[in-house]
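Pasting upload15.pdb here (PDB, C-alpha atoms, pLDDT in the B column):
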```pdb
ATOM      1  CA  ILE A   1       9.199  12.703 -42.780  1.00 59.00           C
ATOM      2  CA  PHE A   2      10.998  10.936 -39.972  1.00 61.00           C
ATOM      3  CA  ASP A   3       9.374   8.618 -37.466  1.00 59.00           C
ATOM      4  CA  PRO A   4       8.742  10.890 -34.421  1.00 57.00           C
ATOM      5  CA  VAL A   5      10.003   8.145 -32.089  1.00 57.00           C
ATOM      6  CA  ASN A   6      13.196   7.135 -33.909  1.00 66.00           C
ATOM      7  CA  TRP A   7      13.974  10.341 -35.758  1.00 68.00           C
ATOM      8  CA  LYS A   8      17.518  10.691 -34.363  1.00 75.00           C
ATOM      9  CA  GLU A   9      18.538   7.351 -35.839  1.00 80.00           C
ATOM     10  CA  GLU A  10      17.016   8.284 -39.192  1.00 80.00           C
ATOM     11  CA  PHE A  11      18.699  11.684 -39.071  1.00 75.00           C
ATOM     12  CA  ARG A  12      22.132  10.071 -38.587  1.00 81.00           C
ATOM     13  CA  LYS A  13      21.525   7.747 -41.529  1.00 86.00           C
ATOM     14  CA  TRP A  14      20.433  10.511 -43.889  1.00 82.00           C
ATOM     15  CA  SER A  15      23.080  12.982 -42.721  1.00 84.00           C
ATOM     16  CA  LEU A  16      25.776  10.473 -43.732  1.00 82.00           C
ATOM     17  CA  HIS A  17      24.068   9.934 -47.057  1.00 85.00           C
ATOM     18  CA  LEU A  18      23.569  13.632 -47.876  1.00 86.00           C
ATOM     19  CA  HIS A  19      26.701  15.220 -46.404  1.00 87.00           C
ATOM     20  CA  PRO A  20      28.726  16.872 -49.202  1.00 88.00           C
ATOM     21  CA  ASP A  21      31.845  15.007 -48.062  1.00 87.00           C
ATOM     22  CA  HIS A  22      30.138  11.717 -48.978  1.00 85.00           C
ATOM     23  CA  ASN A  23      27.630  12.747 -51.639  1.00 89.00           C
ATOM     24  CA  LYS A  24      29.032  14.179 -54.872  1.00 86.00           C
ATOM     25  CA  ASP A  25      25.697  15.460 -56.201  1.00 87.00           C
ATOM     26  CA  PRO A  26      26.090  19.229 -56.875  1.00 87.00           C
ATOM     27  CA  ASP A  27      22.967  19.941 -54.800  1.00 88.00           C
ATOM     28  CA  ALA A  28      23.983  17.756 -51.865  1.00 85.00           C
ATOM     29  CA  HIS A  29      24.846  20.789 -49.722  1.00 85.00           C
ATOM     30  CA  LEU A  30      21.323  22.177 -50.201  1.00 88.00           C
ATOM     31  CA  ALA A  31      19.719  18.866 -49.271  1.00 88.00           C
ATOM     32  CA  PHE A  32      21.960  18.605 -46.222  1.00 83.00           C
ATOM     33  CA  GLN A  33      21.019  22.145 -45.178  1.00 86.00           C
ATOM     34  CA  ARG A  34      17.310  21.279 -45.405  1.00 84.00           C
ATOM     35  CA  LEU A  35      17.957  18.184 -43.327  1.00 82.00           C
ATOM     36  CA  VAL A  36      19.625  20.256 -40.592  1.00 82.00           C
ATOM     37  CA  GLU A  37      16.694  22.693 -40.613  1.00 75.00           C
ATOM     38  CA  TYR A  38      14.275  19.785 -40.245  1.00 73.00           C
ATOM     39  CA  LYS A  39      16.300  18.500 -37.280  1.00 75.00           C
ATOM     40  CA  ALA A  40      15.934  21.906 -35.588  1.00 72.00           C
ATOM     41  CA  ILE A  41      12.152  21.708 -36.009  1.00 67.00           C
ATOM     42  CA  LEU A  42      12.061  18.237 -34.449  1.00 68.00           C
ATOM     43  CA  GLU A  43      14.190  19.390 -31.508  1.00 70.00           C
ATOM     44  CA  GLU A  44      12.714  22.795 -30.750  1.00 72.00           C
ATOM     45  CA  GLY A  45       9.528  22.984 -32.788  1.00 75.00           C
ATOM     46  CA  ILE A  46       8.416  25.298 -35.575  1.00 81.00           C
ATOM     47  CA  ILE A  47       9.586  28.839 -34.854  1.00 84.00           C
ATOM     48  CA  PHE A  48       7.609  31.936 -35.830  1.00 86.00           C
ATOM     49  CA  LYS A  49       6.852  35.383 -34.400  1.00 86.00           C
ATOM     50  CA  ASP A  50       4.073  37.915 -33.993  1.00 86.00           C
ATOM     51  CA  GLU A  51       3.718  41.645 -33.370  1.00 82.00           C
ATOM     52  CA  ILE A  52       4.808  41.254 -29.727  1.00 87.00           C
ATOM     53  CA  CYS A  53       7.158  38.257 -29.523  1.00 89.00           C
ATOM     54  CA  ASP A  54      10.213  37.753 -31.720  1.00 87.00           C
ATOM     55  CA  LYS A  55      10.201  34.039 -30.947  1.00 90.00           C
ATOM     56  CA  ILE A  56       7.288  31.609 -30.631  1.00 91.00           C
ATOM     57  CA  THR A  57       7.702  27.851 -30.833  1.00 89.00           C
ATOM     58  CA  PHE A  58       5.089  25.275 -31.747  1.00 87.00           C
ATOM     59  CA  LYS A  59       5.972  21.713 -30.779  1.00 82.00           C
ATOM     60  CA  GLN A  60       4.004  18.496 -30.675  1.00 72.00           C
ATOM     61  CA  GLU A  61       5.617  16.185 -28.127  1.00 67.00           C
ATOM     62  CA  LEU A  62       5.157  12.429 -27.828  1.00 62.00           C
ATOM     63  CA  ASN A  63       3.040  10.239 -25.601  1.00 62.00           C
ATOM     64  CA  PRO A  64       4.713   7.142 -24.074  1.00 59.00           C
ATOM     65  CA  ASP A  65       3.288   5.016 -26.906  1.00 59.00           C
ATOM     66  CA  GLY A  66       4.888   7.240 -29.527  1.00 55.00           C
ATOM     67  CA  SER A  67       1.705   9.008 -30.649  1.00 58.00           C
ATOM     68  CA  LEU A  68       1.613  12.782 -30.896  1.00 59.00           C
ATOM     69  CA  LYS A  69       0.293  14.892 -28.036  1.00 64.00           C
ATOM     70  CA  GLU A  70      -1.966  17.866 -28.689  1.00 71.00           C
ATOM     71  CA  GLY A  71       0.974  20.272 -28.689  1.00 85.00           C
ATOM     72  CA  ILE A  72       2.475  23.206 -26.833  1.00 89.00           C
ATOM     73  CA  VAL A  73       2.983  26.758 -28.062  1.00 92.00           C
ATOM     74  CA  THR A  74       5.599  28.760 -26.155  1.00 93.00           C
ATOM     75  CA  PHE A  75       5.805  32.546 -26.371  1.00 95.00           C
ATOM     76  CA  PHE A  76       9.121  34.251 -25.504  1.00 95.00           C
ATOM     77  CA  GLY A  77       8.738  37.996 -25.044  1.00 94.00           C
ATOM     78  CA  PRO A  78       8.190  41.004 -22.758  1.00 93.00           C
ATOM     79  CA  GLU A  79       6.923  39.919 -19.334  1.00 95.00           C
ATOM     80  CA  ASP A  80       4.242  42.611 -19.164  1.00 93.00           C
ATOM     81  CA  LYS A  81       2.745  41.633 -22.539  1.00 92.00           C
ATOM     82  CA  LEU A  82       2.787  37.921 -21.747  1.00 95.00           C
ATOM     83  CA  LYS A  83       1.206  38.601 -18.371  1.00 96.00           C
ATOM     84  CA  LEU A  84      -1.516  40.608 -20.116  1.00 94.00           C
ATOM     85  CA  SER A  85      -2.190  37.750 -22.542  1.00 94.00           C
ATOM     86  CA  TYR A  86      -2.340  35.272 -19.663  1.00 96.00           C
ATOM     87  CA  GLU A  87      -4.699  37.415 -17.578  1.00 96.00           C
ATOM     88  CA  ASN A  88      -6.934  38.065 -20.586  1.00 94.00           C
ATOM     89  CA  TYR A  89      -7.094  34.326 -21.266  1.00 95.00           C
ATOM     90  CA  LEU A  90      -8.362  33.781 -17.703  1.00 95.00           C
ATOM     91  CA  LYS A  91     -10.980  36.515 -18.187  1.00 93.00           C
ATOM     92  CA  VAL A  92     -12.142  34.964 -21.457  1.00 94.00           C
ATOM     93  CA  TYR A  93     -12.309  31.479 -19.942  1.00 92.00           C
ATOM     94  CA  ASP A  94     -14.253  32.659 -16.891  1.00 91.00           C
ATOM     95  CA  SER A  95     -16.662  34.788 -18.914  1.00 88.00           C
ATOM     96  CA  VAL A  96     -17.815  31.885 -21.073  1.00 86.00           C
ATOM     97  CA  SER A  97     -17.092  28.908 -18.803  1.00 78.00           C
ATOM     98  CA  GLY A  98     -20.707  27.757 -19.121  1.00 83.00           C
ATOM     99  CA  ILE A  99     -20.602  27.385 -22.905  1.00 88.00           C
ATOM    100  CA  PRO A 100     -18.906  24.072 -23.852  1.00 85.00           C
ATOM    101  CA  THR A 101     -18.937  24.836 -27.587  1.00 84.00           C
ATOM    102  CA  PHE A 102     -16.867  27.949 -26.913  1.00 89.00           C
ATOM    103  CA  ARG A 103     -14.371  26.367 -24.518  1.00 88.00           C
ATOM    104  CA  ARG A 104     -13.149  24.022 -27.257  1.00 89.00           C
ATOM    105  CA  TYR A 105     -11.708  27.072 -29.034  1.00 92.00           C
ATOM    106  CA  LEU A 106      -9.493  27.886 -26.035  1.00 94.00           C
ATOM    107  CA  PRO A 107      -6.255  26.284 -24.826  1.00 93.00           C
ATOM    108  CA  SER A 108      -6.691  23.749 -22.036  1.00 91.00           C
ATOM    109  CA  GLU A 109      -4.403  25.890 -19.866  1.00 92.00           C
ATOM    110  CA  MET A 110      -1.633  28.466 -19.867  1.00 95.00           C
ATOM    111  CA  GLU A 111       1.493  28.604 -17.720  1.00 95.00           C
ATOM    112  CA  LEU A 112       3.315  31.901 -17.162  1.00 96.00           C
ATOM    113  CA  ASN A 113       6.936  32.043 -16.030  1.00 94.00           C
ATOM    114  CA  GLY A 114       8.448  35.497 -16.440  1.00 91.00           C
ATOM    115  CA  GLY A 115       9.240  36.071 -20.107  1.00 94.00           C
ATOM    116  CA  GLU A 116       7.905  32.660 -21.138  1.00 95.00           C
ATOM    117  CA  LEU A 117       4.274  31.728 -21.637  1.00 96.00           C
ATOM    118  CA  LYS A 118       3.353  28.113 -22.391  1.00 95.00           C
ATOM    119  CA  VAL A 119       0.027  27.437 -24.080  1.00 94.00           C
ATOM    120  CA  TYR A 120      -1.253  23.860 -23.827  1.00 93.00           C
ATOM    121  CA  LEU A 121      -3.571  22.966 -26.683  1.00 91.00           C
ATOM    122  CA  GLN A 122      -6.749  20.901 -26.398  1.00 89.00           C
ATOM    123  CA  HIS A 123      -6.554  19.409 -29.887  1.00 86.00           C
ATOM    124  CA  LYS A 124      -3.998  18.440 -32.495  1.00 83.00           C
ATOM    125  CA  SER A 125      -3.471  21.683 -34.366  1.00 85.00           C
ATOM    126  CA  HIS A 126      -1.581  23.250 -37.255  1.00 85.00           C
ATOM    127  CA  LEU A 127      -0.249  26.732 -37.948  1.00 84.00           C
ATOM    128  CA  ILE A 128      -2.172  28.600 -40.619  1.00 84.00           C
ATOM    129  CA  HIS A 129       0.116  31.517 -41.524  1.00 74.00           C
ATOM    130  CA  ASP A 130       1.781  29.464 -44.281  1.00 74.00           C
ATOM    131  CA  LEU A 131      -1.169  27.280 -45.329  1.00 77.00           C
ATOM    132  CA  THR A 132      -3.064  27.398 -48.595  1.00 82.00           C
ATOM    133  CA  LEU A 133      -6.602  26.123 -48.048  1.00 78.00           C
ATOM    134  CA  GLU A 134      -9.355  25.107 -50.420  1.00 84.00           C
ATOM    135  CA  GLU A 135     -12.330  27.465 -50.528  1.00 86.00           C
ATOM    136  CA  LYS A 136     -14.595  25.056 -48.623  1.00 84.00           C
ATOM    137  CA  HIS A 137     -12.048  24.845 -45.811  1.00 83.00           C
ATOM    138  CA  VAL A 138     -11.647  28.617 -45.767  1.00 85.00           C
ATOM    139  CA  ARG A 139     -15.426  28.939 -45.312  1.00 89.00           C
ATOM    140  CA  TRP A 140     -15.657  26.659 -42.297  1.00 87.00           C
ATOM    141  CA  PHE A 141     -12.524  28.237 -40.804  1.00 88.00           C
ATOM    142  CA  LEU A 142     -14.084  31.706 -41.113  1.00 88.00           C
ATOM    143  CA  ASN A 143     -17.341  30.369 -39.646  1.00 91.00           C
ATOM    144  CA  ARG A 144     -15.451  29.135 -36.581  1.00 91.00           C
ATOM    145  CA  MET A 145     -13.742  32.490 -36.127  1.00 90.00           C
ATOM    146  CA  LEU A 146     -17.048  34.320 -36.441  1.00 90.00           C
ATOM    147  CA  GLU A 147     -18.593  31.973 -33.886  1.00 92.00           C
ATOM    148  CA  PHE A 148     -15.678  32.561 -31.509  1.00 93.00           C
ATOM    149  CA  THR A 149     -15.780  36.359 -31.768  1.00 91.00           C
ATOM    150  CA  SER A 150     -19.602  36.506 -31.605  1.00 92.00           C
ATOM    151  CA  ILE A 151     -19.898  34.382 -28.452  1.00 92.00           C
ATOM    152  CA  LEU A 152     -17.044  36.299 -26.840  1.00 93.00           C
ATOM    153  CA  ASN A 153     -18.741  39.582 -27.652  1.00 91.00           C
ATOM    154  CA  ILE A 154     -22.310  38.654 -26.674  1.00 91.00           C
ATOM    155  CA  HIS A 155     -21.728  36.436 -23.644  1.00 90.00           C
ATOM    156  CA  GLY A 156     -18.353  37.649 -22.441  1.00 90.00           C
ATOM    157  CA  GLN A 157     -18.752  41.337 -23.307  1.00 93.00           C
ATOM    158  CA  LEU A 158     -15.205  41.181 -24.646  1.00 93.00           C
ATOM    159  CA  THR A 159     -13.611  41.874 -28.025  1.00 89.00           C
ATOM    160  CA  HIS A 160     -10.534  40.075 -29.357  1.00 89.00           C
ATOM    161  CA  CYS A 161      -8.739  42.738 -31.390  1.00 84.00           C
ATOM    162  CA  GLY A 162      -5.855  40.479 -32.406  1.00 83.00           C
ATOM    163  CA  ILE A 163      -7.357  37.714 -34.516  1.00 83.00           C
ATOM    164  CA  ASN A 164      -4.761  36.924 -37.202  1.00 83.00           C
ATOM    165  CA  PRO A 165      -2.809  33.955 -38.660  1.00 84.00           C
ATOM    166  CA  ASN A 166      -0.329  34.042 -35.772  1.00 85.00           C
ATOM    167  CA  SER A 167      -2.945  33.936 -33.021  1.00 90.00           C
ATOM    168  CA  VAL A 168      -5.182  31.128 -34.325  1.00 92.00           C
ATOM    169  CA  LEU A 169      -4.383  27.485 -35.079  1.00 91.00           C
ATOM    170  CA  ILE A 170      -6.502  25.173 -37.209  1.00 90.00           C
ATOM    171  CA  CYS A 171      -7.682  21.788 -35.861  1.00 88.00           C
ATOM    172  CA  PRO A 172      -8.565  19.554 -38.846  1.00 83.00           C
ATOM    173  CA  GLU A 173      -9.730  16.536 -36.841  1.00 82.00           C
ATOM    174  CA  GLU A 174     -12.143  18.703 -34.848  1.00 84.00           C
ATOM    175  CA  HIS A 175     -13.107  21.014 -37.727  1.00 85.00           C
ATOM    176  CA  GLY A 176     -12.285  23.786 -35.296  1.00 88.00           C
ATOM    177  CA  ILE A 177      -9.744  26.379 -34.220  1.00 92.00           C
ATOM    178  CA  GLN A 178      -7.563  27.125 -31.206  1.00 93.00           C
ATOM    179  CA  VAL A 179      -6.998  30.761 -30.231  1.00 95.00           C
ATOM    180  CA  ILE A 180      -3.590  31.013 -28.566  1.00 94.00           C
ATOM    181  CA  SER A 181      -2.945  34.738 -28.060  1.00 93.00           C
ATOM    182  CA  PHE A 182      -4.948  37.254 -26.036  1.00 94.00           C
ATOM    183  CA  TYR A 183      -2.782  40.416 -25.922  1.00 89.00           C
ATOM    184  CA  HIS A 184      -5.447  42.595 -27.488  1.00 88.00           C
ATOM    185  CA  THR A 185      -8.578  41.321 -25.712  1.00 91.00           C
ATOM    186  CA  ILE A 186     -10.550  44.224 -24.254  1.00 90.00           C
ATOM    187  CA  PRO A 187     -14.097  45.028 -23.022  1.00 91.00           C
ATOM    188  CA  VAL A 188     -16.575  45.921 -25.768  1.00 89.00           C
ATOM    189  CA  TYR A 189     -16.813  49.594 -26.728  1.00 85.00           C
ATOM    190  CA  SER A 190     -13.482  50.408 -25.084  1.00 84.00           C
ATOM    191  CA  PRO A 191     -10.470  52.082 -26.757  1.00 80.00           C
ATOM    192  CA  MET A 192      -8.219  49.802 -28.807  1.00 76.00           C
ATOM    193  CA  LYS A 193      -4.975  50.952 -27.224  1.00 70.00           C
ATOM    194  CA  SER A 194      -2.782  47.872 -27.548  1.00 63.00           C
ATOM    195  CA  ALA A 195      -3.555  47.062 -31.176  1.00 56.00           C
ATOM    196  CA  ILE A 196      -3.236  50.549 -32.657  1.00 50.00           C
ATOM    197  CA  GLY A 197      -0.096  51.072 -34.707  1.00 50.00           C
ATOM    198  CA  ILE A 198       1.300  47.537 -34.415  1.00 52.00           C
ATOM    199  CA  HIS A 199      -1.437  45.358 -35.878  1.00 57.00           C
ATOM    200  CA  PRO A 200      -0.050  43.566 -38.968  1.00 62.00           C
ATOM    201  CA  TYR A 201      -3.435  42.358 -40.243  1.00 68.00           C
ATOM    202  CA  LYS A 202      -5.571  45.478 -40.343  1.00 68.00           C
ATOM    203  CA  SER A 203      -7.285  44.257 -43.505  1.00 70.00           C
ATOM    204  CA  TRP A 204      -8.960  41.529 -41.417  1.00 67.00           C
ATOM    205  CA  TYR A 205     -11.064  44.179 -39.663  1.00 69.00           C
ATOM    206  CA  PRO A 206     -13.649  46.769 -40.739  1.00 71.00           C
ATOM    207  CA  ALA A 207     -11.862  49.965 -41.794  1.00 73.00           C
ATOM    208  CA  GLU A 208     -13.968  52.153 -39.493  1.00 74.00           C
ATOM    209  CA  ILE A 209     -12.564  50.665 -36.304  1.00 70.00           C
ATOM    210  CA  TRP A 210      -9.124  52.087 -37.152  1.00 66.00           C
ATOM    211  CA  ILE A 211     -10.771  55.502 -37.389  1.00 68.00           C
ATOM    212  CA  THR A 212     -12.955  55.343 -34.274  1.00 68.00           C
ATOM    213  CA  LYS A 213     -10.300  53.262 -32.416  1.00 66.00           C
ATOM    214  CA  GLU A 214     -13.145  51.650 -30.504  1.00 65.00           C
ATOM    215  CA  SER A 215     -13.771  47.910 -30.175  1.00 63.00           C
TER     216      SER A 215
END
```
In structure tokens, what does this structure look like?
Amino acid sequence: IFDPVNWKEEFRKWSLHLHPDHNKDPDAHLAFQRLVEYKAILEEGIIFKDEICDKITFKQELNPDGSLKEGIVTFFGPEDKLKLSYENYLKVYDSVSGIPTFRRYLPSEMELNGGELKVYLQHKSHLIHDLTLEEKHVRWFLNRMLEFTSILNIHGQLTHCGINPNSVLICPEEHGIQVISFYHTIPVYSPMKSAIGIHPYKSWYPAEIWITKES
């Protein structure tokens, strides 16, 4: 793993060492390819997608002293869907603004600019869609999600119908989570229009809600 401050210098050194023109190891081209992929992550961030956006980037930028900032997630997608996520985030924040324990599960702010939505995180976070967690960590992660959805439902009278590995980040230092997507947030007991037919994680929800189609 390269030093986040001097990674370009380290990349140049290792690219010379691993380039197939200089390295005669039969697997040198594979190592060089991995190095180039790692460079792309350092430059643009980790790239993934969800049921709405074909491109989402997760990048942790640097403070002046070289330490990592909390991170920024950027969604690139349809303007109407990103606007809906942004507006729902504001509704969620306003509905539970008096509950500090809940606010820590939300981004510090969002910034909408056409087909680009920036999500500024409160805590140092990690993607979970490719993580393998120990059972004890799975339990506290599930507890945090249940706390989030319960408070949202009881105090905000809202239901988040899009909780899945692409909409939630894990925050190890805080033993918490960060919810970053709000496309499918709707009032309780209202029709689940946006999530029906496109939800990739239906097994995360009780089977009956896909029959009644009611949050």
d(atom CA of A:Glu70, atom CA of A:Ser125) in Å: 7.0 Å
Near-stretch 101-106 of chain A list (7 Å; all atoms listed in the file; drop same-chain fewer than 6 positions) as a list in words: Phe148, Ile177, Gln178 and Val179 of chain A
Distance in Å - atom CA of A:His129 versus atom CA of A:Phe141: 13.1 Å
Output of the PyMOL selection byres ((chain A and resi 114) around 12), listed as a PyMOL selection string: chain A and resi 75-84+86+111-113+115-118
Residues matched by the PyMOL selection byres ((chain A and resi 121) around 8) as an NGL selection string: :A and (70-73 or 106-109 or 119-120 or 122-125 or 178)
So that I have them on file, write out the residues from the current selection with C-alpha atoms, as a CSV table (one decimal), in the coordinates of the input.
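Now in again.csv:
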```csv
chain,number,residue,atom,x,y,z
A,70,GLU,CA,-2.0,17.9,-28.7
A,71,GLY,CA,1.0,20.3,-28.7
A,72,ILE,CA,2.5,23.2,-26.8
A,73,VAL,CA,3.0,26.8,-28.1
A,106,LEU,CA,-9.5,27.9,-26.0
A,107,PRO,CA,-6.3,26.3,-24.8
A,108,SER,CA,-6.7,23.7,-22.0
A,109,GLU,CA,-4.4,25.9,-19.9
A,119,VAL,CA,0.0,27.4,-24.1
A,120,TYR,CA,-1.3,23.9,-23.8
A,122,GLN,CA,-6.7,20.9,-26.4
A,123,HIS,CA,-6.6,19.4,-29.9
A,124,LYS,CA,-4.0,18.4,-32.5
A,125,SER,CA,-3.5,21.7,-34.4
A,178,GLN,CA,-7.6,27.1,-31.2
```
Atom pair atom CA of A:Asp94 / atom CA of A:Arg144: separation (Å):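 Taking atom CA of A:Asp94 and atom CA of A:Arg144, their separation equals 20.0 Å.
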Matched chain/residue IDs from the PyMOL selection byres ((chain A and resi 185-190) around 6), as a ChimeraX atom specification: /A:157-161,182-184,191,214-215
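Using only C-alpha atoms, the shortest contact distance between A:Ile180 and any of A:Glu43, A:Asp50, A:Asp25, A:Glu37 is found at A:Asp50.
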Neighbour list for A:Ala28 as a list in words, cut-off 9 Å, all atoms listed in the file, skip fewer than 5 positions in-chain: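 The filter keeps Leu18, His19, Pro20, Asn23 and Gln33 of chain A.
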Pick from A:Ile151, A:Leu131, A:Cys53, A:Ala31, whichever lies nearest to A:Gly98 using all atoms listed in the file: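 Comparing A:Ile151, A:Leu131, A:Cys53, A:Ala31 against A:Gly98, the winner is A:Ile151.
For the set A:Ile163, A:Ile170, A:Leu16, A:Met110, the residue with the smallest atom-to-atom gap to A:Val138 is A:Ile170, counting all atoms listed in the file.
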Got a sec to check which residues sit within 12 Å of (14.0, 28.4, -34.9), counting all atoms listed in the file, and write them as a PDB file with C-alpha atoms, in the frame of the given file?
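Below you can see out-v8.pdb, which holds the result:
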```pdb
ATOM      1  CA  VAL A  36      19.625  20.256 -40.592  1.00 82.00           C
ATOM      2  CA  GLU A  37      16.694  22.693 -40.613  1.00 75.00           C
ATOM      3  CA  TYR A  38      14.275  19.785 -40.245  1.00 73.00           C
ATOM      4  CA  LYS A  39      16.300  18.500 -37.280  1.00 75.00           C
ATOM      5  CA  ALA A  40      15.934  21.906 -35.588  1.00 72.00           C
ATOM      6  CA  ILE A  41      12.152  21.708 -36.009  1.00 67.00           C
ATOM      7  CA  LEU A  42      12.061  18.237 -34.449  1.00 68.00           C
ATOM      8  CA  GLU A  43      14.190  19.390 -31.508  1.00 70.00           C
ATOM      9  CA  GLU A  44      12.714  22.795 -30.750  1.00 72.00           C
ATOM     10  CA  GLY A  45       9.528  22.984 -32.788  1.00 75.00           C
ATOM     11  CA  ILE A  46       8.416  25.298 -35.575  1.00 81.00           C
ATOM     12  CA  ILE A  47       9.586  28.839 -34.854  1.00 84.00           C
ATOM     13  CA  PHE A  48       7.609  31.936 -35.830  1.00 86.00           C
ATOM     14  CA  LYS A  49       6.852  35.383 -34.400  1.00 86.00           C
ATOM     15  CA  ASP A  54      10.213  37.753 -31.720  1.00 87.00           C
ATOM     16  CA  LYS A  55      10.201  34.039 -30.947  1.00 90.00           C
ATOM     17  CA  ILE A  56       7.288  31.609 -30.631  1.00 91.00           C
ATOM     18  CA  THR A  57       7.702  27.851 -30.833  1.00 89.00           C
ATOM     19  CA  PHE A  58       5.089  25.275 -31.747  1.00 87.00           C
ATOM     20  CA  LYS A  59       5.972  21.713 -30.779  1.00 82.00           C
TER      21      LYS A  59
END
```
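Take the candidates A:Gly156, A:Lys8, A:Ser181, A:His126 and check each one against A:Ser97 using all atoms listed in the file; the shortest distance goes to A:Gly156.
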Residue nearest A:Trp140 among A:Lys91, A:Glu174, A:Ala207, A:Asp27 (counting all atoms listed in the file):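 Nearest to A:Trp140: A:Glu174.
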Output requested as a PDB file, in the frame of the given file - stretch 133-146 of chain A, filled out with N, CA, C and O atoms.
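As a result, selection.pdb now contains:
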```pdb
ATOM      1  N   LEU A 133      -5.430  26.956 -48.274  1.00 78.00           N
ATOM      2  CA  LEU A 133      -6.602  26.123 -48.048  1.00 78.00           C
ATOM      3  C   LEU A 133      -7.571  26.194 -49.232  1.00 78.00           C
ATOM      4  O   LEU A 133      -7.672  27.226 -49.896  1.00 78.00           O
ATOM      5  N   GLU A 134      -8.281  25.099 -49.440  1.00 84.00           N
ATOM      6  CA  GLU A 134      -9.355  25.107 -50.420  1.00 84.00           C
ATOM      7  C   GLU A 134     -10.474  26.019 -49.928  1.00 84.00           C
ATOM      8  O   GLU A 134     -10.624  26.255 -48.727  1.00 84.00           O
ATOM      9  N   GLU A 135     -11.278  26.506 -50.873  1.00 86.00           N
ATOM     10  CA  GLU A 135     -12.330  27.465 -50.528  1.00 86.00           C
ATOM     11  C   GLU A 135     -13.291  26.912 -49.482  1.00 86.00           C
ATOM     12  O   GLU A 135     -13.697  27.626 -48.557  1.00 86.00           O
ATOM     13  N   LYS A 136     -13.651  25.632 -49.588  1.00 84.00           N
ATOM     14  CA  LYS A 136     -14.595  25.056 -48.623  1.00 84.00           C
ATOM     15  C   LYS A 136     -14.006  25.038 -47.217  1.00 84.00           C
ATOM     16  O   LYS A 136     -14.724  25.217 -46.226  1.00 84.00           O
ATOM     17  N   HIS A 137     -12.694  24.837 -47.120  1.00 83.00           N
ATOM     18  CA  HIS A 137     -12.048  24.845 -45.811  1.00 83.00           C
ATOM     19  C   HIS A 137     -11.914  26.269 -45.273  1.00 83.00           C
ATOM     20  O   HIS A 137     -12.013  26.488 -44.064  1.00 83.00           O
ATOM     21  N   VAL A 138     -11.692  27.210 -46.183  1.00 85.00           N
ATOM     22  CA  VAL A 138     -11.647  28.617 -45.767  1.00 85.00           C
ATOM     23  C   VAL A 138     -12.991  29.031 -45.176  1.00 85.00           C
ATOM     24  O   VAL A 138     -13.051  29.729 -44.162  1.00 85.00           O
ATOM     25  N   ARG A 139     -14.088  28.558 -45.785  1.00 89.00           N
ATOM     26  CA  ARG A 139     -15.426  28.939 -45.312  1.00 89.00           C
ATOM     27  C   ARG A 139     -15.682  28.429 -43.900  1.00 89.00           C
ATOM     28  O   ARG A 139     -16.164  29.177 -43.046  1.00 89.00           O
ATOM     29  N   TRP A 140     -15.373  27.145 -43.649  1.00 87.00           N
ATOM     30  CA  TRP A 140     -15.657  26.659 -42.297  1.00 87.00           C
ATOM     31  C   TRP A 140     -14.703  27.264 -41.280  1.00 87.00           C
ATOM     32  O   TRP A 140     -15.066  27.470 -40.117  1.00 87.00           O
ATOM     33  N   PHE A 141     -13.465  27.570 -41.708  1.00 88.00           N
ATOM     34  CA  PHE A 141     -12.524  28.237 -40.804  1.00 88.00           C
ATOM     35  C   PHE A 141     -13.043  29.621 -40.416  1.00 88.00           C
ATOM     36  O   PHE A 141     -13.037  30.004 -39.233  1.00 88.00           O
ATOM     37  N   LEU A 142     -13.527  30.379 -41.390  1.00 88.00           N
ATOM     38  CA  LEU A 142     -14.084  31.706 -41.113  1.00 88.00           C
ATOM     39  C   LEU A 142     -15.338  31.604 -40.240  1.00 88.00           C
ATOM     40  O   LEU A 142     -15.574  32.437 -39.364  1.00 88.00           O
ATOM     41  N   ASN A 143     -16.153  30.571 -40.479  1.00 91.00           N
ATOM     42  CA  ASN A 143     -17.341  30.369 -39.646  1.00 91.00           C
ATOM     43  C   ASN A 143     -16.956  30.149 -38.184  1.00 91.00           C
ATOM     44  O   ASN A 143     -17.619  30.652 -37.274  1.00 91.00           O
ATOM     45  N   ARG A 144     -15.896  29.386 -37.965  1.00 91.00           N
ATOM     46  CA  ARG A 144     -15.451  29.135 -36.581  1.00 91.00           C
ATOM     47  C   ARG A 144     -14.949  30.415 -35.934  1.00 91.00           C
ATOM     48  O   ARG A 144     -15.209  30.672 -34.759  1.00 91.00           O
ATOM     49  N   MET A 145     -14.238  31.236 -36.688  1.00 90.00           N
ATOM     50  CA  MET A 145     -13.742  32.490 -36.127  1.00 90.00           C
ATOM     51  C   MET A 145     -14.892  33.444 -35.813  1.00 90.00           C
ATOM     52  O   MET A 145     -14.881  34.132 -34.788  1.00 90.00           O
ATOM     53  N   LEU A 146     -15.886  33.472 -36.701  1.00 90.00           N
ATOM     54  CA  LEU A 146     -17.048  34.320 -36.441  1.00 90.00           C
ATOM     55  C   LEU A 146     -17.817  33.835 -35.217  1.00 90.00           C
ATOM     56  O   LEU A 146     -18.303  34.645 -34.416  1.00 90.00           O
TER      57      LEU A 146
END
```
